[in-house]
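Have a look at final-v1.txt; it's compact mmCIF, C-alpha atoms:
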# COMPACT_ATOMS: atom_id res chain seq x y z
CA MET A 387 -19.04 39.38 -35.30
CA THR A 388 -22.75 39.68 -34.54
CA GLU A 389 -24.41 41.08 -31.42
CA ASP A 390 -26.19 38.73 -29.03
CA SER A 391 -29.55 40.50 -29.48
CA ILE A 392 -31.36 43.10 -31.55
CA LEU A 393 -32.29 46.23 -29.66
CA PRO A 394 -36.08 46.89 -29.63
CA TYR A 395 -35.25 50.35 -30.93
CA ALA A 396 -32.13 52.34 -31.70
CA HIS A 397 -31.16 55.52 -33.49
CA PRO A 398 -27.99 57.59 -33.78
CA THR A 399 -27.13 59.76 -30.80
CA THR A 400 -24.48 62.37 -30.09
CA VAL A 401 -21.02 61.76 -28.69
CA ILE A 402 -19.30 64.64 -26.90
CA LEU A 403 -15.50 64.83 -26.71
CA VAL A 404 -13.82 67.15 -24.20
CA ASP A 405 -10.12 68.00 -24.08
CA ASP A 406 -8.35 71.27 -23.33
CA ASN A 407 -5.72 70.35 -25.96
CA GLU A 408 -7.16 71.85 -29.14
CA LEU A 409 -4.52 70.18 -31.34
CA PHE A 410 -5.57 66.78 -30.04
CA LEU A 411 -9.23 67.64 -30.67
CA ARG A 412 -8.44 68.67 -34.26
CA THR A 413 -6.57 65.40 -34.80
CA LEU A 414 -9.49 63.48 -33.33
CA ASP A 415 -11.89 65.41 -35.57
CA LEU A 416 -10.05 64.15 -38.64
CA ARG A 417 -10.34 60.54 -37.47
CA MET A 418 -13.98 60.52 -36.42
CA PRO A 419 -16.22 58.47 -38.74
CA GLY A 420 -18.59 60.36 -41.01
CA ASP A 421 -21.59 58.41 -39.77
CA MET A 422 -21.13 59.40 -36.12
CA ALA A 423 -22.66 62.59 -34.70
CA TYR A 424 -20.22 64.28 -32.35
CA LEU A 425 -19.32 67.63 -30.80
CA LEU A 426 -15.88 68.82 -29.70
CA TYR A 427 -15.27 71.03 -26.66
CA HIS A 428 -12.03 72.37 -25.18
CA ASP A 429 -13.91 73.97 -22.27
CA PRO A 430 -15.53 71.35 -19.98
CA ARG A 431 -17.95 73.94 -18.57
CA GLN A 432 -19.41 74.61 -22.01
CA ALA A 433 -19.64 70.87 -22.59
CA LEU A 434 -21.56 70.39 -19.34
CA THR A 435 -24.06 73.07 -20.36
CA ARG A 436 -24.75 71.13 -23.57
CA ILE A 437 -24.86 67.70 -21.91
CA ASN A 438 -27.19 68.80 -19.12
CA GLU A 439 -29.72 70.52 -21.38
CA ARG A 440 -33.27 69.46 -20.65
CA PRO A 441 -34.44 67.34 -23.61
CA ILE A 442 -37.44 68.53 -25.62
CA LEU A 443 -38.56 64.94 -26.16
CA SER A 444 -38.10 62.43 -23.35
CA PRO A 445 -36.67 59.00 -24.24
CA ILE A 446 -39.10 56.33 -25.43
CA PRO A 447 -39.06 54.29 -22.17
CA ASN A 448 -40.40 57.33 -20.31
CA ARG A 449 -43.34 57.47 -22.70
CA CYS A 450 -44.20 53.80 -23.05
CA ALA A 451 -43.94 52.27 -19.57
CA GLU A 452 -47.50 51.06 -19.22
CA PRO A 453 -49.09 47.69 -18.44
CA PRO A 454 -49.22 45.28 -21.41
CA THR A 455 -52.39 45.05 -23.49
CA ALA A 456 -53.44 42.67 -26.22
CA THR A 457 -53.14 45.40 -28.85
CA LEU A 458 -49.77 46.81 -27.84
CA HIS A 459 -47.77 43.76 -26.84
CA TRP A 460 -46.92 40.22 -27.70
CA PRO A 461 -48.09 38.03 -24.82
CA GLY A 462 -45.38 37.79 -22.19
CA SER A 463 -42.88 39.89 -24.14
CA ILE A 464 -41.38 43.35 -24.20
CA MET A 465 -43.75 45.93 -25.63
CA ARG A 466 -43.68 46.79 -29.27
CA LEU A 467 -43.90 50.40 -30.31
CA ASP A 468 -47.08 51.81 -31.83
CA LEU A 469 -46.93 54.09 -34.85
CA ASN A 470 -47.97 57.15 -32.85
CA LEU A 471 -44.97 56.73 -30.54
CA ILE A 472 -42.60 56.25 -33.49
CA GLU A 473 -44.07 59.29 -35.25
CA GLN A 474 -43.35 61.38 -32.14
CA GLU A 475 -39.80 60.08 -32.16
CA ILE A 476 -38.79 60.52 -35.80
CA HIS A 477 -40.71 63.75 -36.41
CA GLN A 478 -37.85 65.85 -35.05
CA THR A 479 -34.06 65.72 -34.91
CA GLU A 480 -34.12 65.95 -31.10
CA ARG A 481 -33.67 62.19 -30.95
CA PHE A 482 -30.19 62.60 -32.41
CA ARG A 483 -29.29 65.44 -30.03
CA ARG A 484 -29.50 63.09 -27.05
CA VAL A 485 -26.02 62.63 -25.63
CA SER A 486 -25.27 58.95 -25.14
CA VAL A 487 -21.48 58.99 -24.67
CA VAL A 488 -18.99 61.50 -23.28
CA VAL A 489 -15.24 61.20 -23.79
CA ALA A 490 -13.23 63.41 -21.42
CA ASP A 491 -9.55 63.96 -20.81
CA TYR A 492 -8.53 63.37 -17.22
CA ALA A 493 -5.97 66.19 -16.89
CA MET A 494 -7.77 69.46 -17.68
CA PRO A 495 -6.96 72.74 -15.90
CA ALA A 496 -10.58 73.80 -15.26
CA MET A 497 -11.49 70.46 -13.66
CA THR A 498 -10.38 66.85 -13.84
CA GLY A 499 -12.16 64.41 -16.10
CA LEU A 500 -13.63 62.69 -13.05
CA GLU A 501 -14.92 65.97 -11.63
CA PHE A 502 -16.43 66.66 -15.03
CA CYS A 503 -18.15 63.24 -15.16
CA ALA A 504 -19.54 63.74 -11.66
CA GLN A 505 -21.47 66.82 -12.84
CA ILE A 506 -23.31 65.02 -15.64
CA VAL A 507 -26.94 64.90 -14.52
CA ASP A 508 -28.29 62.09 -16.72
CA PRO A 509 -27.22 58.75 -15.18
CA GLY A 510 -27.76 57.05 -18.55
CA VAL A 511 -24.87 58.88 -20.23
CA LYS A 512 -21.86 56.61 -20.76
CA LYS A 513 -18.45 57.99 -19.81
CA ILE A 514 -15.01 57.34 -21.28
CA LEU A 515 -11.94 58.77 -19.56
CA MET A 516 -8.74 59.50 -21.50
CA THR A 517 -5.70 59.21 -19.28
CA GLY A 518 -1.99 59.80 -19.29
CA THR A 519 0.36 57.07 -18.10
CA ALA A 520 0.46 58.46 -14.57
CA ASP A 521 -3.34 58.58 -14.33
CA GLU A 522 -4.16 54.99 -15.30
CA THR A 523 -4.38 53.83 -11.68
CA VAL A 524 -6.99 56.51 -11.02
CA ALA A 525 -8.91 55.45 -14.12
CA VAL A 526 -8.90 51.77 -13.13
CA ARG A 527 -10.25 52.64 -9.67
CA ALA A 528 -12.95 54.87 -11.20
CA PHE A 529 -13.94 52.09 -13.59
CA ASN A 530 -14.13 49.49 -10.82
CA GLU A 531 -16.28 51.87 -8.76
CA GLY A 532 -18.64 52.47 -11.67
CA VAL A 533 -17.80 56.18 -11.98
CA ILE A 534 -16.78 55.68 -15.62
CA HIS A 535 -17.66 52.97 -18.13
CA HIS A 536 -14.40 52.78 -20.07
CA TYR A 537 -10.96 54.38 -20.13
CA VAL A 538 -8.43 54.88 -22.92
CA PRO A 539 -4.70 55.49 -22.40
CA LYS A 540 -4.01 58.68 -24.30
CA SER A 541 -0.35 58.20 -25.18
CA ARG A 542 -0.72 55.15 -27.46
CA THR A 543 -0.83 54.99 -31.25
CA THR A 544 -4.18 53.21 -30.97
CA THR A 545 -5.80 55.90 -28.82
CA LEU A 546 -7.96 57.48 -31.54
CA ASP A 547 -9.25 54.12 -32.77
CA ALA A 548 -9.94 53.05 -29.19
CA VAL A 549 -11.99 56.20 -28.60
CA VAL A 550 -14.15 55.53 -31.68
CA ASP A 551 -14.59 51.81 -30.91
CA GLY A 552 -15.41 52.53 -27.28
CA ALA A 553 -17.95 55.19 -28.24
CA ARG A 554 -19.73 52.82 -30.65
CA GLN A 555 -19.95 50.06 -28.07
CA LEU A 556 -21.23 52.39 -25.37
CA GLN A 557 -23.84 53.87 -27.71
CA ARG A 558 -25.28 50.35 -27.93
CA GLU A 559 -25.05 49.97 -24.15
CA TYR A 560 -27.03 53.21 -23.82
CA PHE A 561 -29.99 51.61 -25.61
CA LEU A 562 -29.53 48.28 -23.83
CA ASP A 563 -30.03 50.13 -20.55
CA GLN A 564 -33.29 51.55 -21.87
CA GLN A 565 -34.41 48.07 -22.93
CA ARG A 566 -33.66 46.75 -19.44
CA ALA A 567 -35.65 49.61 -17.92
CA ILE A 568 -38.71 48.64 -19.97
CA GLN A 569 -38.31 44.97 -19.07
CA GLU A 570 -37.90 45.66 -15.36
CA THR A 571 -40.89 48.02 -15.33
CA LEU A 572 -43.18 45.60 -17.16
CA LEU A 573 -41.67 42.33 -15.91
CA LEU A 574 -41.55 41.07 -19.50
CA ASP A 575 -39.17 39.07 -21.66
CA PRO A 576 -37.95 40.08 -25.14
CA PRO A 577 -39.77 38.40 -28.06
CA PRO A 578 -37.84 35.48 -29.60
CA LEU A 579 -37.03 37.34 -32.84
CA LEU A 580 -34.74 39.73 -30.92
CA GLU A 581 -32.53 36.92 -29.63
CA ASP A 582 -32.43 34.36 -32.44
CA PRO A 583 -28.89 34.29 -33.95
CA ALA A 584 -30.20 33.69 -37.47
CA VAL A 585 -32.42 36.77 -37.32
CA ILE A 586 -29.68 38.86 -35.67
CA GLU A 587 -27.16 38.04 -38.41
CA TYR A 588 -29.63 38.63 -41.25
CA PHE A 589 -30.92 41.89 -39.77
CA ALA A 590 -27.36 43.21 -39.31
CA ALA A 591 -26.54 42.42 -42.95
CA GLU A 592 -29.70 44.10 -44.24
CA ARG A 593 -29.09 47.18 -42.10
CA LYS A 594 -25.65 47.54 -43.65
CA LYS A 595 -26.84 46.80 -47.19
CA HIS A 596 -29.67 49.34 -47.08
CA ARG A 597 -27.80 51.87 -44.90
CA ILE A 598 -30.39 51.71 -42.14
CA VAL A 599 -29.40 53.82 -39.14
CA GLU A 600 -32.47 53.51 -36.91
CA HIS A 601 -35.16 50.92 -36.27
CA TYR A 602 -38.25 50.46 -34.09
CA LEU A 603 -39.89 47.19 -33.06
CA VAL A 604 -43.51 46.96 -34.25
CA GLY A 605 -46.21 44.34 -34.76
CA ASP A 606 -49.16 43.58 -37.05
CA PRO A 607 -47.11 42.03 -38.61
CA PRO A 608 -44.08 41.61 -36.32
CA GLY A 609 -40.82 43.24 -37.37
CA PHE A 610 -39.34 46.73 -37.52
CA ILE A 611 -39.89 50.12 -39.05
CA CYS A 612 -36.49 51.14 -40.40
CA VAL A 613 -35.10 54.53 -41.39
CA SER A 614 -32.01 55.26 -43.50
CA ALA A 615 -29.67 58.19 -42.86
CA ARG A 616 -31.46 60.21 -45.53
CA GLY A 617 -34.89 59.36 -44.13
CA ALA A 618 -36.08 56.54 -46.40
CA LEU A 619 -38.68 54.46 -44.52
CA SER A 620 -38.96 50.69 -44.90
CA ARG A 621 -40.76 47.86 -43.15
CA PHE A 622 -38.98 44.69 -42.07
CA LEU A 623 -41.32 41.71 -41.68
CA ILE A 624 -40.13 38.88 -39.41
CA LEU A 625 -42.72 36.11 -39.03
CA SER A 626 -42.59 32.78 -37.26
CA ASN A 627 -44.40 29.77 -38.73
CA THR A 628 -47.24 30.37 -36.30
CA GLU A 629 -47.60 33.96 -37.46
CA VAL A 630 -47.58 32.94 -41.12
CA THR A 631 -50.34 30.43 -40.37
CA GLN A 632 -52.30 33.23 -38.71
CA GLN A 633 -51.96 35.20 -41.95
CA VAL A 634 -53.36 32.23 -43.87
CA ASP A 635 -56.37 32.13 -41.56
CA TYR A 636 -56.82 35.91 -41.77
CA ALA A 637 -56.74 35.97 -45.57
CA ALA A 638 -59.23 33.10 -45.78
CA ARG A 639 -61.63 34.74 -43.30
CA GLN A 640 -61.51 38.03 -45.18
CA GLY A 641 -62.33 36.43 -48.51
CA ALA A 642 -58.92 36.70 -50.19
CA PRO A 643 -58.51 35.01 -53.59
CA LEU A 644 -57.58 31.34 -53.35
CA ASP A 645 -54.14 31.85 -54.92
CA VAL A 646 -53.33 34.43 -52.22
CA VAL A 647 -54.28 32.04 -49.43
CA GLN A 648 -52.31 29.22 -51.07
CA ALA A 649 -49.22 31.37 -51.63
CA ILE A 650 -49.06 32.28 -47.93
CA ALA A 651 -49.77 28.70 -46.88
CA ARG A 652 -46.89 27.47 -49.07
CA ARG A 653 -44.60 30.18 -47.68
CA THR A 654 -43.84 31.53 -51.17
CA ARG A 655 -45.37 34.83 -50.02
CA ILE A 656 -45.99 36.60 -46.73
CA GLY A 657 -48.28 39.57 -46.27
CA TYR A 658 -48.22 43.12 -45.06
CA PHE A 659 -51.95 43.91 -45.07
CA PHE A 660 -51.77 47.69 -44.79
CA ASP A 661 -55.00 49.25 -43.40
CA GLY A 662 -56.51 45.76 -43.00
CA ALA A 663 -59.01 44.14 -45.32
CA GLU A 664 -61.76 44.48 -42.71
CA ASN A 665 -61.34 48.28 -42.65
CA TYR A 666 -61.03 48.78 -46.38
CA SER A 667 -63.41 50.73 -48.61
CA ASP A 668 -66.06 49.28 -50.90
CA GLU A 669 -63.39 48.63 -53.56
CA PRO A 670 -61.79 45.17 -53.67
CA TYR A 671 -58.89 44.82 -51.26
CA PRO A 672 -55.52 44.73 -53.14
CA TRP A 673 -54.45 41.35 -51.81
CA HIS A 674 -51.80 40.66 -54.44
CA ALA A 675 -50.11 44.03 -53.88
CA CYS A 676 -49.75 43.16 -50.18
CA LEU A 677 -47.69 40.01 -50.75
CA TYR A 678 -43.90 39.75 -50.64
CA ALA A 679 -41.45 36.96 -51.38
CA PRO A 680 -39.83 35.94 -48.08
CA THR A 681 -36.41 34.65 -47.17
CA ARG A 682 -36.42 31.55 -44.95
CA LEU A 683 -34.17 31.66 -41.91
CA GLN A 684 -33.49 28.63 -39.74
CA GLY A 685 -32.42 29.61 -36.27
CA LYS A 686 -33.79 28.46 -32.94
CA GLN A 687 -37.00 28.22 -34.95
CA GLU A 688 -38.04 28.82 -38.54
CA TRP A 689 -38.57 32.42 -39.66
CA TRP A 690 -39.88 34.08 -42.81
CA VAL A 691 -38.51 37.58 -43.42
CA ALA A 692 -38.83 40.34 -46.01
CA LEU A 693 -37.65 43.93 -46.21
CA ILE A 694 -40.24 46.14 -47.93
CA THR A 695 -38.77 49.39 -49.25
CA ASP A 696 -41.81 50.69 -51.13
CA THR A 697 -44.63 50.13 -48.66
CA PRO A 698 -46.92 52.88 -47.31
CA ILE A 699 -46.38 53.66 -43.62
CA ASP A 700 -48.88 55.86 -41.83
CA ILE A 701 -46.31 58.19 -40.27
CA ASP A 702 -45.98 61.95 -40.69
CA PHE A 703 -42.28 62.29 -41.49
CA ASN A 704 -40.35 64.79 -43.58
CA PRO A 705 -36.77 63.59 -44.22
CA GLU A 706 -35.63 67.10 -45.09
CA ASP A 707 -36.55 68.26 -41.59
CA SER A 708 -35.69 65.36 -39.32
CA SER A 709 -33.44 62.76 -40.93
CA PHE A 710 -30.05 61.86 -39.50
CA GLN A 711 -28.34 63.38 -42.54
CA THR A 712 -30.13 66.65 -41.82
CA TYR A 713 -28.73 66.58 -38.29
CA LEU A 714 -25.20 65.80 -39.53
CA ASP A 715 -25.41 68.67 -41.99
CA GLU A 716 -26.51 70.95 -39.14
CA LEU A 717 -23.53 69.89 -37.03
CA ASP A 718 -21.11 70.43 -39.93
CA ALA A 719 -22.52 73.90 -40.56
CA ASN A 720 -21.92 74.87 -36.93
CA MET A 721 -18.41 73.45 -36.60
Since I need it in another form, could you write the structure as structure tokens?
Amino acid sequence: MTEDSILPYAHPTTVILVDDNELFLRTLDLRMPGDMAYLLYHDPRQALTRINERPILSPIPNRCAEPPTATLHWPGSIMRLDLNLIEQEIHQTERFRRVSVVVADYAMPAMTGLEFCAQIVDPGVKKILMTGTADETVAVRAFNEGVIHHYVPKSRTTTLDAVVDGARQLQREYFLDQQRAIQETLLLDPPPLLEDPAVIEYFAAERKKHRIVEHYLVGDPPGFICVSARGALSRFLILSNTEVTQQVDYAARQGAPLDVVQAIARRTRIGYFFDGAENYSDEPYPWHACLYAPTRLQGKQEWWVALITDTPIDIDFNPEDSSFQTYLDELDANM
């Protein structure tokens, strides 16, 4: 099953699970997937202290809500992210520390799960309530009133799986809310590549194949900067026919060899012209090294895509300091 859109940006976040029953927490710990960052608390007051921490780095929408410009946006579409903004984001593990989902037991002696949820300051945090049989009516009412986003009956054999599935879905909803905030602020629509089923399916398969855990929408050329769990950077090119034609014109204007221009025109190659030929030194521009064999996708329109795993990206990033795996190792060390 594929999603109905690609998020403009997404990265792993932290899920917090709160239950006064330590045996249940230990059981849940054994079932949590290895690729999910999570923290376990039996004391809801300690959990609230962690959840309500002031973030060192504010979320991307708080740093990019500005009027569209020709250099930062596709005309009429949601903004793309410049490299400086992405560098700020991936330079530190704080992005992973952001709490996106909280799972809380309803019946806790210090406070009920609903009282706990009411004290979460960040309205963007998604809330799952675990309930006993007698509490389900309360949970349904809280869900209908928008106090919680999901509830899981605790006494079923499927409870642990439901917690994990619910957390994954709400982590996506967390970023969808941020996308909507950008769109509402800028009164813009998402670019077509985010909503074309052919691109969505292909991008999901490539993410899984290359173990990509975070991505950021960029342009020049359009696509994404992608990061694996261990911090390997790659560049995903996603070009429409119009954008490929623009590359043909660009290469011709900048004096590229004829075979380069012809290869792009025939769609046997697409380009990632790093640094730009117009800004290059006195040495000949390495046109041939900037070309990549594309895959053709036919969706609502025709697309030409390529994932480049060995391309230079002008971002200051040390995987040993700020990759997702580094954060997971930090969590494991503190468990």
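CA of Ser626 (chain A) sits 20.1 Å away from CA of Tyr395 (chain A).
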**OP:** Write out as a list in words the residues lying within 8 Å of region 522-537 of chain A, counting all atoms listed in the file and excluding same-chain residues fewer than 6 positions away.
**Re:** Leu500, Cys503, Ala504, Lys512, Lys513, Ile514, Leu515, Met516 and Gly552 of chain A
Can you pull out the residues contacting Asp661 (chain A)? Cut-off 12 Å, using all atoms listed in the file, and skip same-chain residues under 3 positions away; I want them as an mmCIF file with C-alpha atoms, in the coordinates of the input.
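Output file out36.cif is given in full below:
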data_model
loop_
_atom_site.group_PDB
_atom_site.id
_atom_site.type_symbol
_atom_site.label_atom_id
_atom_site.label_comp_id
_atom_site.auth_asym_id
_atom_site.auth_seq_id
_atom_site.Cartn_x
_atom_site.Cartn_y
_atom_site.Cartn_z
ATOM 1 C CA ASP A 606 -49.160 43.580 -37.050
ATOM 2 C CA PRO A 607 -47.110 42.030 -38.610
ATOM 3 C CA TYR A 658 -48.220 43.120 -45.060
ATOM 4 C CA GLU A 664 -61.760 44.480 -42.710
ATOM 5 C CA ASN A 665 -61.340 48.280 -42.650
ATOM 6 C CA TYR A 666 -61.030 48.780 -46.380
ATOM 7 C CA SER A 667 -63.410 50.730 -48.610
ATOM 8 C CA TYR A 671 -58.890 44.820 -51.260
ATOM 9 C CA PRO A 672 -55.520 44.730 -53.140
ATOM 10 C CA TRP A 673 -54.450 41.350 -51.810
ATOM 11 C CA CYS A 676 -49.750 43.160 -50.180
ATOM 12 C CA THR A 697 -44.630 50.130 -48.660
ATOM 13 C CA PRO A 698 -46.920 52.880 -47.310
ATOM 14 C CA ILE A 699 -46.380 53.660 -43.620
ATOM 15 C CA ASP A 700 -48.880 55.860 -41.830
#
Each residue of region 593-642 of chain A lying at most 12 Å from region 478-496 of chain A should get a row with its shortest atom-to-atom pair and the distance in Å to one decimal, counting all atoms listed in the file; could you produce that, ordered by chain and increasing number, as a Markdown table?
| residue | atom | partner | partner_atom | distance |
| --- | --- | --- | --- | --- |
| A:Val599 | CA | A:Phe482 | CA | 11.1 |
| A:Glu600 | CA | A:Phe482 | CA | 10.4 |
| A:Ala615 | CA | A:Phe482 | CA | 11.4 |
| A:Gly617 | CA | A:Thr479 | CA | 11.2 |
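You will find CA of Glu408 (chain A) at 28.7 Å from CA of Glu559 (chain A).
Proximity of A:Ser614, A:Gln711, A:Gln633, A:Gln684 to Asp582 (chain A), computed with only C-alpha atoms, is greatest for A:Gln684.
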Original post:
With distances taken over all atoms listed in the file, which of A:Leu623, A:Leu580, A:Val646, A:Val404 is nearest to Gly685 (chain A)?
Top reply: A:Leu580
**OP:** Identify which of the residues A:Gln648, A:Thr543, A:Asn720, A:Thr628 lies closest to Leu677 (chain A), counting all atoms listed in the file when measuring atom-to-atom distances.
**Re:** A:Gln648
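Near (-40.1, 33.0, -48.7), the residues that fall inside 7 Å on the basis of all atoms listed in the file are A:Arg653, A:Thr654, A:Arg655, A:Ala679, A:Pro680, A:Thr681, A:Arg682, A:Trp690.
Note that CA of Leu562 (chain A) and CA of Ser391 (chain A) are 9.6 Å apart.
Residue nearest Pro447 (chain A), chosen from A:Tyr678, A:Tyr636, A:Phe561, A:Phe589 and counting only C-alpha atoms: A:Phe561.
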Subject >> Contacts of Met721 (chain A) within 12 Å, all atoms listed in the file, excl. fewer than 2 positions in-chain, as a ChimeraX atom specification >> reply: /A:412,415,423-427,714-719
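Minimum distance to Ser708 (chain A) across A:Val549, A:Ala638, A:Leu434, A:Ala618 (counting all atoms listed in the file) occurs at A:Ala618.
Nearest to Asp563 (chain A) of all the residues A:Gly499, A:Pro643, A:Gly657, A:Gly510 is A:Gly510, counting all atoms listed in the file.
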